[in-house]
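Reviewing the structure listed below.
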There are 2 protein chains.
Amino acid sequence: MSERAADVDVAAAPFGDRLADAVDARRSQLVVGLDPQLELLPVELRGDAHLGRDAAAEACARFCCGLIDAVAHYVVGVKTQIAFFEALGGAGLSAFEEVCDYARAAGLLVIADAKRGDIGSTARAYASAYLEPRNTAGPVADAVTVNSYLGRDSLEPFVSACRRTGGGIFCLVKTSNPGGSDVQDLVLSDQRPVWHHVAMMVAELGRDVVGERGLSSVGAVVGATFPRAVGEARRLLPQAVLLLPGVGAQGATPADVARAFTSGPASALVTVSRSVIYAFRIEGADWRTAAAAEAARLRDEVWAASGW
Amino acid sequence: MSERAADVDVAAAPFGDRLADAVDARRSQLVVGLDPQLELLPVELRGDAHLGRDAAAEACARFCCGLIDAVAHYVVGVKTQIAFFEALGGAGLSAFEEVCDYARAAGLLVIADAKRGDIGSTARAYASAYLEPRNTAGPVADAVTVNSYLGRDSLEPFVSACRRTGGGIFCLVKTSNPGGSDVQDLVLSDQRPVWHHVAMMVAELGRDVVGERGLSSVGAVVGATFPRAVGEARRLLPQAVLLLPGVGAQGATPADVARAFTSGPASALVTVSRSVIYAFRIEGADWRTAAAAEAARLRDEVWAASGW
């Protein structure tokens, strides 16, 4: 078979394998969250952002691309928060794609934090929006966050897309906010909280898309703010990659999530947003320098805590 | 006080009041769902859509605006499904806004079906994206659908936006798909399903934003495919507007949702998508004519079933 034919035949490797390789190569389980809030941007970037959504979208893209340059050496990927771009309309969504493309070109994995969830053809459209190749380019992201409340048939179109494209999903299981308990911690007649059942559903859903490295393309979001839940989630989801928000501004520490890594060095990712990207507001340094320093520190702390 | 000063002082009326007035004026509780799936569009519109996302976005906008013209006389509003636009990138999101603006200009209420849900500043960004005025125009939509899994503190930023803007939200409570039962029908130790607790949380959340007509700005999505659940939801959410998908392609009938209307003629909205907008594929008529005929028929059936 010629090399050319081989290229055409080879589908992207499963997300779990791509992630495991990336964690090995970069020795990092840190994901920096890109949440560009206009009013918090460095003054030099805010510039004309008050003039309209196009200028604001451009400022957000410049901020995020600058951060990618600054932290690329210390992270395995970025988590791009679409809400801040979506609020800027079409120009915002174009800027979002630009940032995702920039991060992928820098060799980083991109997790689109969209928390989408819908049924039937609508779920397929969302899966396509993030995981399928675009007309003239690859997919927007390597993985996307999804909301589990609509049940298994709402998640299956995303899993099919993962199988086709080598993409991944992270299903909301136990979120990091205090109010998450309103629904997720309701106790069922079997004495388990709702989120345990969601975790079991997600584990089942991911069983058929496990890569050679033992990790599924179907991961789970579990708040680092609840260390005990992190351990329980690890037991309920032995093959899932756990995406752990809540370290930094929300109060958790790398030590709080150590037990998430017992399924392997790439079996959990710590995602930190504000305390890295807005470090300059506290440190007073250049925004890129401050972000890089904070990312470097967290990368080392997380790696040490993971025990690998 | 001069008229000018009065204009400046007057905020938009609460969503519940605006809806009640619109239902009275139009004698319709029908909302047509605009779900533009490229492969289902009339051939005359598909045109160059295969050439790229910009052309596809334009085709979707033309289809939706044509449908708005066709059904405007029979509906109180439209439900615009953002997923199909989002899959087309920045041009798609611009087309989405164009369609929403077109519907509002035609005097219709616009419900953005986005099913968003996140925490803190991210939830505020989503609320702003749909409910706050844009730089040069009003808000994208009159109301937006939201996902309740992240709990009360994830919904509160939306409720604040409703209070400021006269917008509304519809919280997912009991969805129309079979798989919705995976999470929503789990039975708690008090013998109630999860969705009852979500309904009670939503009722509580909406208590402070009830308009003069007795309807809250915080509504609930309840699948018409579960008629018994519709009745239970009505009792648990006496002041909420129930948004009822599932009539038509998903198999429910207007008679299935009659009991949703016991809190008033505007206390429920029946949303129908595929069986109206793709009626031409079965009827063989012009797509606008077929959609108008089906909307007219459903408007009358729903109004009769509502008993008002």
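Every chain in the structure tokens has a letter given in the order shown (A, B, ...), and although residue numbers restart at 1 in each chain, ligands are simply numbered from 1 in the order shown.
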Contact set, chain B to chain A: 8 Å, only C-alpha atoms, as an mmCIF file with N, CA, C and O atoms, in the first residue's frame:
```
data_model
loop_
_atom_site.group_PDB
_atom_site.id
_atom_site.type_symbol
_atom_site.label_atom_id
_atom_site.label_comp_id
_atom_site.auth_asym_id
_atom_site.auth_seq_id
_atom_site.Cartn_x
_atom_site.Cartn_y
_atom_site.Cartn_z
ATOM 1 N N GLY B 52 -20.153 25.586 0.853
ATOM 2 C CA GLY B 52 -19.454 26.051 2.039
ATOM 3 C C GLY B 52 -20.416 26.556 3.089
ATOM 4 O O GLY B 52 -21.629 26.670 2.858
ATOM 5 N N ARG B 53 -19.851 26.891 4.239
ATOM 6 C CA ARG B 53 -20.704 27.254 5.369
ATOM 7 C C ARG B 53 -21.408 28.593 5.170
ATOM 8 O O ARG B 53 -22.519 28.782 5.634
ATOM 9 N N GLN B 81 -33.882 27.116 16.642
ATOM 10 C CA GLN B 81 -32.942 26.101 17.141
ATOM 11 C C GLN B 81 -31.526 26.482 16.710
ATOM 12 O O GLN B 81 -31.181 26.380 15.529
ATOM 13 N N ALA B 83 -28.607 25.103 17.190
ATOM 14 C CA ALA B 83 -27.596 24.077 16.863
ATOM 15 C C ALA B 83 -27.292 24.031 15.369
ATOM 16 O O ALA B 83 -26.135 23.892 14.967
ATOM 17 N N PHE B 84 -28.349 24.159 14.546
ATOM 18 C CA PHE B 84 -28.146 24.028 13.099
ATOM 19 C C PHE B 84 -27.364 25.215 12.535
ATOM 20 O O PHE B 84 -26.690 25.099 11.517
ATOM 21 N N GLU B 86 -25.172 27.003 14.563
ATOM 22 C CA GLU B 86 -23.869 26.929 15.227
ATOM 23 C C GLU B 86 -22.911 26.028 14.442
ATOM 24 O O GLU B 86 -21.701 26.270 14.407
ATOM 25 N N ALA B 87 -23.482 24.978 13.826
ATOM 26 C CA ALA B 87 -22.642 24.050 13.057
ATOM 27 C C ALA B 87 -22.047 24.733 11.823
ATOM 28 O O ALA B 87 -21.174 24.162 11.166
ATOM 29 N N LEU B 88 -22.520 25.957 11.523
ATOM 30 C CA LEU B 88 -22.021 26.670 10.348
ATOM 31 C C LEU B 88 -21.074 27.820 10.735
ATOM 32 O O LEU B 88 -20.770 28.689 9.909
ATOM 33 N N GLY B 89 -20.637 27.844 11.986
ATOM 34 C CA GLY B 89 -19.629 28.817 12.406
ATOM 35 C C GLY B 89 -20.149 30.245 12.509
ATOM 36 O O GLY B 89 -21.347 30.473 12.727
ATOM 37 N N GLY B 90 -19.255 31.209 12.354
ATOM 38 C CA GLY B 90 -19.602 32.617 12.518
ATOM 39 C C GLY B 90 -20.711 33.069 11.593
ATOM 40 O O GLY B 90 -21.628 33.793 11.998
ATOM 41 N N ALA B 91 -20.659 32.623 10.334
ATOM 42 C CA ALA B 91 -21.713 32.984 9.386
ATOM 43 C C ALA B 91 -23.051 32.407 9.848
ATOM 44 O O ALA B 91 -24.110 33.028 9.682
ATOM 45 N N GLY B 92 -23.001 31.232 10.437
ATOM 46 C CA GLY B 92 -24.216 30.605 10.958
ATOM 47 C C GLY B 92 -24.822 31.402 12.093
ATOM 48 O O GLY B 92 -26.035 31.631 12.136
ATOM 49 N N LEU B 93 -23.975 31.865 13.002
ATOM 50 C CA LEU B 93 -24.500 32.610 14.139
ATOM 51 C C LEU B 93 -25.061 33.958 13.679
ATOM 52 O O LEU B 93 -26.087 34.431 14.199
ATOM 53 N N SER B 94 -24.421 34.585 12.700
ATOM 54 C CA SER B 94 -24.964 35.831 12.149
ATOM 55 C C SER B 94 -26.331 35.567 11.504
ATOM 56 O O SER B 94 -27.260 36.367 11.643
ATOM 57 N N GLU B 97 -29.007 35.254 14.176
ATOM 58 C CA GLU B 97 -29.474 36.554 14.665
ATOM 59 C C GLU B 97 -30.384 37.230 13.646
ATOM 60 O O GLU B 97 -31.375 37.883 14.008
ATOM 61 N N LYS B 115 -30.703 25.711 25.131
ATOM 62 C CA LYS B 115 -30.485 24.768 26.247
ATOM 63 C C LYS B 115 -29.133 25.003 26.913
ATOM 64 O O LYS B 115 -28.408 24.066 27.230
ATOM 65 N N ARG B 116 -28.801 26.270 27.155
ATOM 66 C CA ARG B 116 -27.535 26.608 27.764
ATOM 67 C C ARG B 116 -27.588 26.360 29.267
ATOM 68 O O ARG B 116 -28.662 26.349 29.872
ATOM 69 N N GLY B 117 -26.416 26.200 29.851
ATOM 70 C CA GLY B 117 -26.324 26.050 31.294
ATOM 71 C C GLY B 117 -24.866 26.052 31.687
ATOM 72 O O GLY B 117 -24.063 25.290 31.157
ATOM 73 N N ASP B 118 -24.506 26.926 32.610
ATOM 74 C CA ASP B 118 -23.147 26.979 33.122
ATOM 75 C C ASP B 118 -23.187 27.770 34.422
ATOM 76 O O ASP B 118 -24.274 28.125 34.884
ATOM 77 N N ILE B 119 -22.015 28.043 34.979
ATOM 78 C CA ILE B 119 -21.995 28.651 36.307
ATOM 79 C C ILE B 119 -21.370 30.042 36.274
ATOM 80 O O ILE B 119 -20.642 30.396 35.353
ATOM 81 N N THR B 122 -19.827 32.636 33.480
ATOM 82 C CA THR B 122 -20.179 32.013 32.212
ATOM 83 C C THR B 122 -21.694 32.025 32.003
ATOM 84 O O THR B 122 -22.180 32.301 30.904
ATOM 85 N N ALA B 123 -22.435 31.736 33.054
ATOM 86 C CA ALA B 123 -23.897 31.806 32.959
ATOM 87 C C ALA B 123 -24.337 33.239 32.644
ATOM 88 O O ALA B 123 -25.254 33.458 31.848
ATOM 89 N N ALA B 125 -22.641 35.369 30.931
ATOM 90 C CA ALA B 125 -22.337 35.608 29.511
ATOM 91 C C ALA B 125 -23.424 35.010 28.617
ATOM 92 O O ALA B 125 -23.860 35.635 27.642
ATOM 93 N N TYR B 126 -23.892 33.817 28.940
ATOM 94 C CA TYR B 126 -24.968 33.209 28.147
ATOM 95 C C TYR B 126 -26.261 34.021 28.267
ATOM 96 O O TYR B 126 -26.966 34.234 27.279
ATOM 97 N N SER B 128 -26.549 37.123 28.854
ATOM 98 C CA SER B 128 -26.330 38.337 28.079
ATOM 99 C C SER B 128 -26.450 38.060 26.583
ATOM 100 O O SER B 128 -27.044 38.844 25.831
ATOM 101 N N ALA B 129 -25.909 36.934 26.130
ATOM 102 C CA ALA B 129 -25.924 36.611 24.700
ATOM 103 C C ALA B 129 -27.343 36.595 24.136
ATOM 104 O O ALA B 129 -27.562 36.991 22.990
ATOM 105 N N TYR B 130 -28.301 36.167 24.921
ATOM 106 C CA TYR B 130 -29.665 36.000 24.397
ATOM 107 C C TYR B 130 -30.643 37.066 24.857
ATOM 108 O O TYR B 130 -31.564 37.414 24.125
ATOM 109 N N ASN B 135 -25.177 45.850 20.944
ATOM 110 C CA ASN B 135 -24.675 47.212 20.718
ATOM 111 C C ASN B 135 -25.676 48.071 19.976
ATOM 112 O O ASN B 135 -25.977 49.190 20.351
ATOM 113 N N ASN B 147 -30.728 24.629 30.673
ATOM 114 C CA ASN B 147 -30.630 23.294 31.260
ATOM 115 C C ASN B 147 -30.501 23.424 32.777
ATOM 116 O O ASN B 147 -29.697 24.213 33.262
ATOM 117 N N SER B 148 -31.250 22.637 33.513
ATOM 118 C CA SER B 148 -31.354 22.820 34.968
ATOM 119 C C SER B 148 -30.377 21.978 35.773
ATOM 120 O O SER B 148 -30.349 22.074 37.007
ATOM 121 N N TYR B 149 -29.573 21.119 35.116
ATOM 122 C CA TYR B 149 -28.774 20.130 35.847
ATOM 123 C C TYR B 149 -27.758 20.766 36.796
ATOM 124 O O TYR B 149 -27.361 20.169 37.782
ATOM 125 N N LEU B 150 -27.308 21.996 36.477
ATOM 126 C CA LEU B 150 -26.289 22.626 37.320
ATOM 127 C C LEU B 150 -26.861 23.375 38.523
ATOM 128 O O LEU B 150 -26.127 23.983 39.290
ATOM 129 N N GLY B 151 -28.192 23.332 38.669
ATOM 130 C CA GLY B 151 -28.806 23.849 39.886
ATOM 131 C C GLY B 151 -29.102 25.330 39.895
ATOM 132 O O GLY B 151 -28.858 26.054 38.924
ATOM 133 N N ARG B 152 -29.657 25.735 41.038
ATOM 134 C CA ARG B 152 -30.206 27.077 41.174
ATOM 135 C C ARG B 152 -29.208 28.188 40.891
ATOM 136 O O ARG B 152 -29.532 29.154 40.203
ATOM 137 N N ASP B 153 -27.985 28.087 41.387
ATOM 138 C CA ASP B 153 -27.058 29.206 41.195
ATOM 139 C C ASP B 153 -26.637 29.357 39.732
ATOM 140 O O ASP B 153 -26.146 30.413 39.332
ATOM 141 N N SER B 154 -26.846 28.301 38.931
ATOM 142 C CA SER B 154 -26.557 28.415 37.491
ATOM 143 C C SER B 154 -27.706 29.077 36.747
ATOM 144 O O SER B 154 -27.539 29.571 35.637
ATOM 145 N N THR B 175 -38.031 16.217 29.581
ATOM 146 C CA THR B 175 -37.868 16.378 28.134
ATOM 147 C C THR B 175 -38.640 15.306 27.356
ATOM 148 O O THR B 175 -39.030 14.278 27.905
ATOM 149 N N ASN B 177 -37.841 13.300 24.847
ATOM 150 C CA ASN B 177 -37.192 12.098 24.295
ATOM 151 C C ASN B 177 -37.303 10.907 25.235
ATOM 152 O O ASN B 177 -37.346 11.075 26.461
ATOM 153 N N PRO B 178 -37.295 9.688 24.694
ATOM 154 C CA PRO B 178 -37.374 8.490 25.547
ATOM 155 C C PRO B 178 -36.249 8.453 26.580
ATOM 156 O O PRO B 178 -36.471 8.140 27.748
ATOM 157 N N GLY B 179 -35.013 8.803 26.151
ATOM 158 C CA GLY B 179 -33.865 8.726 27.048
ATOM 159 C C GLY B 179 -33.901 9.738 28.180
ATOM 160 O O GLY B 179 -33.123 9.630 29.130
ATOM 161 N N GLY B 180 -34.776 10.717 28.105
ATOM 162 C CA GLY B 180 -34.896 11.679 29.195
ATOM 163 C C GLY B 180 -35.147 10.988 30.525
ATOM 164 O O GLY B 180 -34.754 11.476 31.585
ATOM 165 N N SER B 181 -35.775 9.819 30.456
ATOM 166 C CA SER B 181 -36.086 9.080 31.687
ATOM 167 C C SER B 181 -34.823 8.596 32.403
ATOM 168 O O SER B 181 -34.856 8.370 33.611
ATOM 169 N N ASP B 182 -33.714 8.428 31.699
ATOM 170 C CA ASP B 182 -32.484 7.899 32.320
ATOM 171 C C ASP B 182 -32.100 8.674 33.575
ATOM 172 O O ASP B 182 -31.646 8.092 34.553
ATOM 173 N N VAL B 183 -32.252 9.989 33.510
ATOM 174 C CA VAL B 183 -31.903 10.814 34.670
ATOM 175 C C VAL B 183 -33.164 11.390 35.310
ATOM 176 O O VAL B 183 -33.361 11.333 36.522
ATOM 177 N N GLN B 184 -34.053 11.921 34.485
ATOM 178 C CA GLN B 184 -35.199 12.679 35.001
ATOM 179 C C GLN B 184 -36.210 11.814 35.751
ATOM 180 O O GLN B 184 -36.932 12.304 36.618
ATOM 181 N N LEU B 186 -35.434 9.006 37.534
ATOM 182 C CA LEU B 186 -34.873 8.289 38.686
ATOM 183 C C LEU B 186 -35.725 8.638 39.904
ATOM 184 O O LEU B 186 -36.130 9.786 40.091
ATOM 185 N N VAL B 187 -36.011 7.630 40.719
ATOM 186 C CA VAL B 187 -36.938 7.840 41.840
ATOM 187 C C VAL B 187 -36.160 8.095 43.128
ATOM 188 O O VAL B 187 -35.267 7.336 43.497
ATOM 189 N N LEU B 188 -36.525 9.175 43.794
ATOM 190 C CA LEU B 188 -35.829 9.552 45.023
ATOM 191 C C LEU B 188 -36.420 8.822 46.225
ATOM 192 O O LEU B 188 -37.448 8.144 46.122
ATOM 193 N N SER B 189 -35.748 8.999 47.353
ATOM 194 C CA SER B 189 -36.191 8.314 48.564
ATOM 195 C C SER B 189 -37.594 8.767 48.989
ATOM 196 O O SER B 189 -38.268 8.066 49.721
ATOM 197 N N ASP B 190 -38.067 9.940 48.515
ATOM 198 C CA ASP B 190 -39.430 10.370 48.837
ATOM 199 C C ASP B 190 -40.442 9.861 47.796
ATOM 200 O O ASP B 190 -41.578 10.327 47.764
ATOM 201 N N GLN B 191 -40.015 8.941 46.966
ATOM 202 C CA GLN B 191 -40.862 8.316 45.942
ATOM 203 C C GLN B 191 -41.169 9.217 44.746
ATOM 204 O O GLN B 191 -41.919 8.842 43.854
ATOM 205 N N VAL B 194 -36.836 12.544 39.926
ATOM 206 C CA VAL B 194 -35.932 13.697 39.921
ATOM 207 C C VAL B 194 -36.619 14.927 39.332
ATOM 208 O O VAL B 194 -36.504 16.038 39.854
ATOM 209 N N HIS B 197 -38.551 17.256 41.540
ATOM 210 C CA HIS B 197 -37.723 18.153 42.353
ATOM 211 C C HIS B 197 -37.190 19.308 41.518
ATOM 212 O O HIS B 197 -37.113 20.438 42.001
ATOM 213 N N VAL B 198 -36.841 19.010 40.283
ATOM 214 C CA VAL B 198 -36.407 20.091 39.390
ATOM 215 C C VAL B 198 -37.571 21.064 39.190
ATOM 216 O O VAL B 198 -37.395 22.287 39.232
#
```
Requested in this report: Tell me which protein, DNA and RNA residues are within 12 Å of B:Ala20, counting only C-alpha atoms, leaving out same-chain ones fewer than 4 positions away, and put them as a ChimeraX atom specification.
Outcome: /B:13-16,24-29,76,109,210-217,241,263-269
Identify, on the basis of only C-alpha atoms, every residue whose closest approach to stretch 66-68 of chain A does not exceed 9 Å; exclude the query and any residue fewer than 5 positions from it along the same chain; express the result as a CSV table (one decimal) with all heavy atoms, in the first residue's frame.
```csv
chain,number,residue,atom,x,y,z
A,32,VAL,N,-5.4,24.8,30.6
A,32,VAL,CA,-5.7,26.2,30.9
A,32,VAL,C,-7.0,26.6,30.3
A,32,VAL,O,-7.2,26.3,29.1
A,32,VAL,CB,-4.6,27.1,30.6
A,32,VAL,CG1,-5.1,28.6,30.6
A,32,VAL,CG2,-3.5,27.0,31.6
A,34,LEU,N,-9.6,29.1,28.8
A,34,LEU,CA,-9.6,30.5,28.2
A,34,LEU,C,-11.0,31.1,28.3
A,34,LEU,O,-11.9,30.7,27.5
A,34,LEU,CB,-9.1,30.4,26.8
A,34,LEU,CG,-7.7,29.8,26.6
A,34,LEU,CD1,-7.3,29.6,25.1
A,34,LEU,CD2,-6.6,30.6,27.3
A,61,ALA,N,-9.8,37.4,21.0
A,61,ALA,CA,-8.9,36.4,20.2
A,61,ALA,C,-7.5,36.8,20.5
A,61,ALA,O,-6.7,35.8,20.7
A,61,ALA,CB,-9.2,36.5,18.7
A,78,VAL,N,-5.9,23.3,26.0
A,78,VAL,CA,-6.7,24.4,26.5
A,78,VAL,C,-8.2,24.1,26.5
A,78,VAL,O,-8.6,23.3,25.7
A,78,VAL,CB,-6.4,25.7,25.7
A,78,VAL,CG1,-5.0,26.2,25.9
A,78,VAL,CG2,-6.8,25.5,24.2
A,99,VAL,N,-9.3,31.0,17.7
A,99,VAL,CA,-8.5,30.6,18.9
A,99,VAL,C,-8.3,29.1,19.0
A,99,VAL,O,-7.2,28.6,19.3
A,99,VAL,CB,-9.2,31.1,20.2
A,99,VAL,CG1,-8.6,30.6,21.4
A,99,VAL,CG2,-9.2,32.7,20.2
A,102,TYR,N,-5.8,28.1,16.5
A,102,TYR,CA,-4.4,28.5,16.9
A,102,TYR,C,-3.8,27.6,17.9
A,102,TYR,O,-2.6,27.2,17.9
A,102,TYR,CB,-4.5,30.0,17.5
A,102,TYR,CG,-3.2,30.7,17.7
A,102,TYR,CD1,-2.6,31.3,16.7
A,102,TYR,CD2,-2.6,30.7,19.0
A,102,TYR,CE1,-1.4,32.0,16.9
A,102,TYR,CE2,-1.4,31.3,19.2
A,102,TYR,CZ,-0.8,31.9,18.1
A,102,TYR,OH,0.4,32.6,18.3
A,103,ALA,N,-4.7,27.1,18.8
A,103,ALA,CA,-4.2,26.2,19.9
A,103,ALA,C,-3.8,24.8,19.3
A,103,ALA,O,-2.8,24.2,19.6
A,103,ALA,CB,-5.2,26.0,21.0
A,106,ALA,N,-0.6,24.9,17.6
A,106,ALA,CA,0.5,24.9,18.6
A,106,ALA,C,0.7,23.6,19.2
A,106,ALA,O,1.5,23.4,20.1
A,106,ALA,CB,0.2,26.0,19.7
A,108,LEU,N,-1.6,21.7,20.8
A,108,LEU,CA,-2.3,21.5,22.0
A,108,LEU,C,-3.7,20.9,21.7
A,108,LEU,O,-4.3,21.1,20.7
A,108,LEU,CB,-2.6,22.9,22.8
A,108,LEU,CG,-1.3,23.7,23.1
A,108,LEU,CD1,-1.7,24.9,23.8
A,108,LEU,CD2,-0.4,22.8,24.1
A,277,ILE,N,-5.1,32.9,33.8
A,277,ILE,CA,-5.2,33.9,32.8
A,277,ILE,C,-5.3,35.3,33.3
A,277,ILE,O,-5.0,36.3,32.6
A,277,ILE,CB,-6.3,33.6,31.8
A,277,ILE,CG1,-7.7,33.7,32.4
A,277,ILE,CG2,-6.2,32.2,31.2
A,277,ILE,CD1,-8.9,33.5,31.4
A,287,TRP,N,0.9,40.4,31.4
A,287,TRP,CA,-0.1,39.3,31.5
A,287,TRP,C,0.4,38.0,31.0
A,287,TRP,O,0.0,36.9,31.6
A,287,TRP,CB,-1.4,39.8,30.8
A,287,TRP,CG,-1.3,40.2,29.4
A,287,TRP,CD1,-0.8,41.4,29.0
A,287,TRP,CD2,-1.6,39.4,28.2
A,287,TRP,NE1,-0.8,41.5,27.6
A,287,TRP,CE2,-1.3,40.3,27.1
A,287,TRP,CE3,-2.0,38.2,28.0
A,287,TRP,CZ2,-1.5,39.9,25.8
A,287,TRP,CZ3,-2.2,37.7,26.7
A,287,TRP,CH2,-2.0,38.6,25.6
A,288,ARG,N,1.3,38.0,30.0
A,288,ARG,CA,1.8,36.7,29.5
A,288,ARG,C,2.7,36.1,30.5
A,288,ARG,O,2.7,34.9,30.8
A,288,ARG,CB,2.4,36.9,28.1
A,288,ARG,CG,1.4,37.1,27.0
A,288,ARG,CD,2.0,37.9,25.9
A,288,ARG,NE,2.3,39.2,26.3
A,288,ARG,CZ,2.3,40.3,25.6
A,288,ARG,NH1,1.9,40.2,24.3
A,288,ARG,NH2,2.6,41.5,26.0
A,291,ALA,N,0.9,34.6,33.5
A,291,ALA,CA,0.2,33.4,33.1
A,291,ALA,C,1.1,32.2,33.0
A,291,ALA,O,0.9,31.1,33.5
A,291,ALA,CB,-0.7,33.6,31.9
A,292,ALA,N,2.3,32.5,32.3
A,292,ALA,CA,3.2,31.4,32.2
A,292,ALA,C,3.8,30.9,33.5
A,292,ALA,O,3.9,29.7,33.7
A,292,ALA,CB,4.4,31.9,31.3
```
Query - Near-B:Gln250 list (12 Å; only C-alpha atoms; drop same-chain fewer than 2 positions) as a list in words - result: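 The neighbour list is Ile119 and Gly120 of chain A; Thr175, Ser176, Asn177, Pro178, Gly223, Ala224, Thr225, Phe226, Leu244, Pro245, Gly246, Val247, Gly248, Ala252, Thr253, Thr271, Val272, Ser273, Arg274 and Ser275 of chain B.
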Since we have the selection now, will you write its residues out, keeping N, CA, C and O atoms, as a short mmCIF file (atom, residue, chain, number, x, y, z; two decimals), in the first residue's frame?
```cif
data_model
loop_
_atom_site.label_atom_id
_atom_site.label_comp_id
_atom_site.auth_asym_id
_atom_site.auth_seq_id
_atom_site.Cartn_x
_atom_site.Cartn_y
_atom_site.Cartn_z
N ILE A 119 -31.55 16.67 21.68
CA ILE A 119 -31.96 15.33 21.26
C ILE A 119 -31.91 15.19 19.74
O ILE A 119 -31.93 16.18 19.00
N GLY A 120 -31.84 13.95 19.28
CA GLY A 120 -32.01 13.62 17.87
C GLY A 120 -31.12 14.41 16.93
O GLY A 120 -29.91 14.53 17.13
N THR B 175 -38.03 16.22 29.58
CA THR B 175 -37.87 16.38 28.13
C THR B 175 -38.64 15.31 27.36
O THR B 175 -39.03 14.28 27.91
N SER B 176 -38.84 15.57 26.07
CA SER B 176 -39.76 14.76 25.26
C SER B 176 -39.17 13.44 24.76
O SER B 176 -39.90 12.57 24.30
N ASN B 177 -37.84 13.30 24.85
CA ASN B 177 -37.19 12.10 24.29
C ASN B 177 -37.30 10.91 25.24
O ASN B 177 -37.35 11.08 26.46
N PRO B 178 -37.30 9.69 24.69
CA PRO B 178 -37.37 8.49 25.55
C PRO B 178 -36.25 8.45 26.58
O PRO B 178 -36.47 8.14 27.75
N GLY B 223 -42.23 17.60 28.00
CA GLY B 223 -42.55 16.89 26.76
C GLY B 223 -44.02 16.52 26.66
O GLY B 223 -44.57 15.86 27.56
N ALA B 224 -44.66 16.95 25.57
CA ALA B 224 -46.05 16.59 25.31
C ALA B 224 -46.19 15.08 25.11
O ALA B 224 -47.29 14.53 25.17
N THR B 225 -45.06 14.42 24.90
CA THR B 225 -45.07 12.97 24.70
C THR B 225 -45.40 12.22 25.99
O THR B 225 -45.60 11.01 25.97
N PHE B 226 -45.44 12.94 27.11
CA PHE B 226 -45.80 12.32 28.40
C PHE B 226 -46.99 13.06 29.01
O PHE B 226 -46.82 13.88 29.91
N LEU B 244 -44.18 23.09 25.44
CA LEU B 244 -44.50 21.68 25.22
C LEU B 244 -44.07 21.21 23.83
O LEU B 244 -44.80 21.37 22.86
N PRO B 245 -42.88 20.62 23.72
CA PRO B 245 -42.48 20.01 22.45
C PRO B 245 -43.03 18.59 22.38
O PRO B 245 -43.44 18.02 23.40
N GLY B 246 -43.04 18.03 21.18
CA GLY B 246 -43.39 16.62 21.06
C GLY B 246 -44.65 16.37 20.25
O GLY B 246 -44.96 15.23 19.92
N VAL B 247 -45.42 17.45 19.94
CA VAL B 247 -46.59 17.29 19.09
C VAL B 247 -46.12 17.19 17.64
O VAL B 247 -45.22 17.91 17.22
N GLY B 248 -46.73 16.28 16.89
CA GLY B 248 -46.34 16.13 15.48
C GLY B 248 -45.40 14.96 15.30
O GLY B 248 -45.74 13.84 15.66
N ALA B 252 -47.12 13.16 19.80
CA ALA B 252 -48.19 13.65 20.67
C ALA B 252 -49.21 14.46 19.87
O ALA B 252 -48.94 14.90 18.75
N THR B 253 -50.39 14.65 20.46
CA THR B 253 -51.46 15.43 19.82
C THR B 253 -51.84 16.61 20.71
O THR B 253 -51.55 16.59 21.91
N THR B 271 -45.09 23.74 20.93
CA THR B 271 -44.08 24.01 19.91
C THR B 271 -43.98 22.82 18.95
O THR B 271 -43.81 21.69 19.35
N VAL B 272 -44.13 23.12 17.68
CA VAL B 272 -44.11 22.10 16.64
C VAL B 272 -43.08 22.51 15.59
O VAL B 272 -43.09 23.64 15.13
N SER B 273 -42.21 21.58 15.26
CA SER B 273 -41.14 21.92 14.34
C SER B 273 -41.30 21.18 13.01
O SER B 273 -41.91 21.68 12.07
N ARG B 274 -40.78 19.97 12.97
CA ARG B 274 -40.69 19.25 11.69
C ARG B 274 -42.00 19.11 10.94
O ARG B 274 -42.05 19.29 9.73
N SER B 275 -43.10 18.79 11.67
CA SER B 275 -44.34 18.50 10.93
C SER B 275 -44.91 19.76 10.28
O SER B 275 -45.72 19.67 9.37
#
```
Requested in this report: Using only C-alpha atoms, determine which residues lie at most 9 Å from A:Ala296, disregarding the query and same-chain residues fewer than 4 positions distant; provide the list as an MDAnalysis selection string.
Outcome: chainID A and resid 71 73:75 291:292 300:301
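Atom CA of A:Leu205 sits 29.3 Å away from atom CA of A:Ala255.
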**Report entry** Point-to-point distance in Å for atom CA of B:Val230 and atom CA of A:Met200
**Finding:** 28.4 Å
Query raised in the report: Quick one: residues within 9 Å of B:Thr262, only C-alpha atoms counted, chain neighbours fewer than 6 positions away excluded, as a ChimeraX atom specification?
Result: /B:234,238,268,306-307
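Take atom CA of B:Tyr278 and atom CA of B:Glu98: the distance between them is 20.9 Å.
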